[in-house]
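Trainee: Below is the structure I would like to discuss, written out as structure tokens.
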Amino acid sequence: MTQIALNARFYLHRPTGMQRYALELSRRFADHLDPLRPAKVLGGTTGHLWEQLYLPSAVRGRLLWSPNNTGPLAVERQVCTIHDLIPLDHPEWFNRRFGQWYAWLLPRLAKRVRHLIAISDFTKQRIVERLGVSPEKVTVIPNGVDSRFSPRNPEEIEVTLRALGITPEPYLLYVGSLEPRKNLHRLLEAWRRAQPSVPEDMRLIVAGARGSARVFGAMEIESVPPRTEFIGYVPDEHLPGLYSGAVALVYPSLYEGFGLPPLEAMACGTPVVTSDGTSLPEVVGDNAVLVDPYDSDSIAEGIVRVLSNPSLRDSLSRSARQRSACFTWEQAARQTIQLLQSQT
């Protein structure tokens, strides 16, 4: 069987949303793939040059799957996964050169390749509207959640918190990179406003690394409210315990092509407060508290509502686990390999 060439630049990067997607799917049908990757980490312009100039010759006429929003323009026999159009829809959130590159590349790539995968109906709608691509050229295959994301017992949670240097008091959790679209400044302001109405021992734990300056625009955090802890990037193995120990996850992102943290938290039985726009309502359904991410008062009200109502938390925990079961990486992998094989 002819293997499908895999654009595997992602192997050399720390796994966040898009890299997690590529890793989860590629390992599930690895026998069908020939990963093509640089010999070392290539950032910025060097990485793009490798992809545009070297990768086409390494493909050797096979179908190429590019799973991370980019791909070589010279390869027409290619399926590209588009996670979002954030650099086009909101260039102000990015480094100017990064935004200009993707504003030039994505429309050309979308028209050039054989087929596109979108990770949500929202992303498909943006591709069709913004890039002028026929709807028939775009297939929606949602992300999944790994089975390791499940409710953990108190002993496992304690081990996780100790490993991350977190004391065992109750906490509200944010998980995600620290970049402009994640809306940290409104989250922190909402947390400041919510504090008089929530238990005095409740903290906000912010888990995530600052986004690369080569990619994202400046995001200054001017004022941090009391009872707020930044713990940096959390390795994958600690995430289930971190989610499970949280009273709730708050995720007021301004723009998501899918939104893995809310789904992972839901699979762990953790109630979720998240945004009412872009793809997020599509992912969480009726199983989360939805807020206006542009309104700090709305975010604060959502936080207070979920933290002050144990019966609501119990209800959300049960329904969230049921909802998360609708999204599996196994299902996404089956649909993806079937699509790729149909294009060979």
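Residues in the structure tokens are numbered from 1 in each chain, the chains being A, B, ... in the order shown, and ligands are numbered from 1 in the order shown.
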Please provide the set of residues having any atom within 9 Å of segment 157-162 of chain A, restricted to only C-alpha atoms, with same-chain residues fewer than 5 positions apart removed, written as a ChimeraX atom specification.
Mentor: /A:152,167-168,237-245
Trainee: Output the selection as a CSV table (one decimal), in the first residue's frame - C-alpha atoms for each residue.
Mentor:
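Once written, selection_17.csv looks like this:
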chain,number,residue,atom,x,y,z
A,152,ARG,CA,-9.4,11.3,38.8
A,167,THR,CA,-1.5,23.9,47.4
A,168,PRO,CA,-4.7,22.0,47.9
A,237,GLU,CA,0.5,13.9,31.8
A,238,HIS,CA,-0.6,16.4,34.5
A,239,LEU,CA,-3.6,17.8,32.7
A,240,PRO,CA,-6.3,15.2,33.7
A,241,GLY,CA,-5.5,15.6,37.4
A,242,LEU,CA,-5.4,19.4,37.1
A,243,TYR,CA,-8.8,19.5,35.4
A,244,SER,CA,-10.3,17.0,37.8
A,245,GLY,CA,-9.2,19.0,40.9
Trainee: Tell me, as JSON, numbers by chain, which residues lie within 6 Å of Gly257 of chain A, counting only C-alpha atoms; anything in the same chain fewer than 3 positions away does not count.
Mentor: {"A": [83, 84, 123, 279]}
Trainee: According to DSSP computed on the backbone, where in segment 47-288 of chain A is there alpha helix (DSSP H)? Give the residues as a ChimeraX atom specification.
Mentor: /A:47-49,55-59,86-89,96-112,121-131,154-163,184-194,239-245,260-267,280-284
Trainee: Report the closest atom pair, with its distance in Å rounded to one decimal, for each residue of segment 92-118 of chain A that has an atom no farther than 12 Å from segment 320-340 of chain A; count only C-alpha atoms, sort by chain and then rising residue number, and write it as CSV.
Mentor:
residue,atom,partner,partner_atom,distance
A:Arg114,CA,A:Leu340,CA,10.3
A:His115,CA,A:Leu340,CA,9.1
A:Leu116,CA,A:Leu339,CA,9.9
A:Ile117,CA,A:Thr336,CA,8.4
A:Ala118,CA,A:Thr336,CA,10.8
Trainee: Within 12 Å of Arg20 of chain A, counting only C-alpha atoms, which residues qualify if same-chain residues fewer than 5 places away don't, as a list of chain:residue names?
Mentor: A:Phe10, A:Tyr11, A:Leu12, A:His13, A:Arg14, A:Pro15, A:Leu25, A:Ser26, A:Arg27, A:Pro67, A:Asn68, A:His83, A:Asn143, A:Gly144, A:Val145, A:Asp146, A:Pro235, A:Asp236, A:Gly259, A:Leu260, A:Pro261, A:Trp329
Trainee: Emit the selected residues as a compact mmCIF listing (two decimals), in the first residue's frame, including C-alpha atoms.
Mentor:
# COMPACT_ATOMS: atom_id res chain seq x y z
CA PHE A 10 4.75 19.55 14.35
CA TYR A 11 6.82 16.69 15.81
CA LEU A 12 9.51 19.17 16.82
CA HIS A 13 7.26 21.62 18.65
CA ARG A 14 5.79 21.63 22.15
CA PRO A 15 2.29 20.10 21.88
CA LEU A 25 -4.46 11.44 14.75
CA SER A 26 -1.11 10.47 13.22
CA ARG A 27 -0.38 7.92 15.95
CA PRO A 67 -2.43 18.81 9.45
CA ASN A 68 -1.54 22.23 10.84
CA HIS A 83 -8.04 24.80 12.25
CA ASN A 143 -11.43 17.10 17.20
CA GLY A 144 -11.63 14.48 19.91
CA VAL A 145 -10.67 13.96 23.50
CA ASP A 146 -8.36 11.19 24.66
CA PRO A 235 2.82 18.80 30.60
CA ASP A 236 0.13 16.57 29.13
CA GLY A 259 -11.41 24.67 21.75
CA LEU A 260 -9.82 21.58 23.32
CA PRO A 261 -9.52 22.71 26.98
CA TRP A 329 -9.87 10.83 18.54
Trainee: If we count only C-alpha atoms and set the cut-off at 7 Å, which residues sit around segment 3-7 of chain A, ignoring sequence neighbours fewer than 4 positions away in its own chain? Please answer as an mmCIF file with N, CA and C atoms, in the first residue's frame.
Mentor:
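Okay, this is what ended up in out_0.cif:
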data_model
loop_
_atom_site.group_PDB
_atom_site.id
_atom_site.type_symbol
_atom_site.label_atom_id
_atom_site.label_comp_id
_atom_site.auth_asym_id
_atom_site.auth_seq_id
_atom_site.Cartn_x
_atom_site.Cartn_y
_atom_site.Cartn_z
ATOM 1 N N HIS A 32 -0.213 4.029 7.899
ATOM 2 C CA HIS A 32 -0.547 4.564 6.576
ATOM 3 C C HIS A 32 0.293 5.796 6.212
ATOM 4 N N LEU A 33 1.159 6.239 7.131
ATOM 5 C CA LEU A 33 1.831 7.526 6.965
ATOM 6 C C LEU A 33 3.346 7.378 6.859
ATOM 7 N N ASP A 34 3.937 8.268 6.090
ATOM 8 C CA ASP A 34 5.388 8.422 6.039
ATOM 9 C C ASP A 34 5.698 9.836 6.522
ATOM 10 N N PRO A 35 6.093 9.992 7.795
ATOM 11 C CA PRO A 35 6.325 11.344 8.325
ATOM 12 C C PRO A 35 7.565 11.986 7.699
ATOM 13 N N LEU A 36 7.420 13.190 7.225
ATOM 14 C CA LEU A 36 8.528 13.963 6.660
ATOM 15 C C LEU A 36 8.744 15.161 7.570
ATOM 16 N N ARG A 37 9.903 15.210 8.213
ATOM 17 C CA ARG A 37 10.149 16.251 9.201
ATOM 18 C C ARG A 37 11.558 16.805 9.048
ATOM 19 N N VAL A 59 8.055 14.572 -1.006
ATOM 20 C CA VAL A 59 6.751 13.910 -1.147
ATOM 21 C C VAL A 59 6.775 12.855 -2.247
ATOM 22 N N ARG A 62 3.382 11.493 -3.962
ATOM 23 C CA ARG A 62 2.321 10.890 -3.156
ATOM 24 C C ARG A 62 1.347 11.957 -2.659
ATOM 25 N N LEU A 63 0.223 11.493 -2.104
ATOM 26 C CA LEU A 63 -0.677 12.420 -1.434
ATOM 27 C C LEU A 63 0.011 12.917 -0.168
ATOM 28 N N LEU A 64 -0.089 14.210 0.071
ATOM 29 C CA LEU A 64 0.475 14.825 1.268
ATOM 30 C C LEU A 64 -0.659 15.285 2.178
ATOM 31 N N TRP A 65 -0.560 14.923 3.453
ATOM 32 C CA TRP A 65 -1.482 15.477 4.460
ATOM 33 C C TRP A 65 -0.728 16.494 5.286
ATOM 34 N N SER A 66 -1.201 17.731 5.257
ATOM 35 C CA SER A 66 -0.639 18.812 6.068
ATOM 36 C C SER A 66 -1.655 19.147 7.159
#
Trainee: Need to verify the contact set: Leu131 of chain A, 8 Å, only C-alpha atoms, exclusion of same-chain residues closer than 6 positions in sequence. Can you return it as JSON, numbers by chain?
Mentor: {"A": [106, 107, 110]}
Trainee: Selected residues, C-alpha atoms, written as an mmCIF file, in the first residue's frame, please.
Mentor:
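Saved the output as part.cif:
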data_model
loop_
_atom_site.group_PDB
_atom_site.id
_atom_site.type_symbol
_atom_site.label_atom_id
_atom_site.label_comp_id
_atom_site.auth_asym_id
_atom_site.auth_seq_id
_atom_site.Cartn_x
_atom_site.Cartn_y
_atom_site.Cartn_z
ATOM 1 C CA LEU A 106 -3.900 30.627 3.177
ATOM 2 C CA PRO A 107 -6.102 31.853 0.309
ATOM 3 C CA ALA A 110 -6.959 26.640 0.007
#
Trainee: Find the residues around segment 173-182 of chain A up to 7 Å (only C-alpha atoms counted), leave out those fewer than 3 positions away in its own chain, and share them as a count of residues only.
Mentor: 21
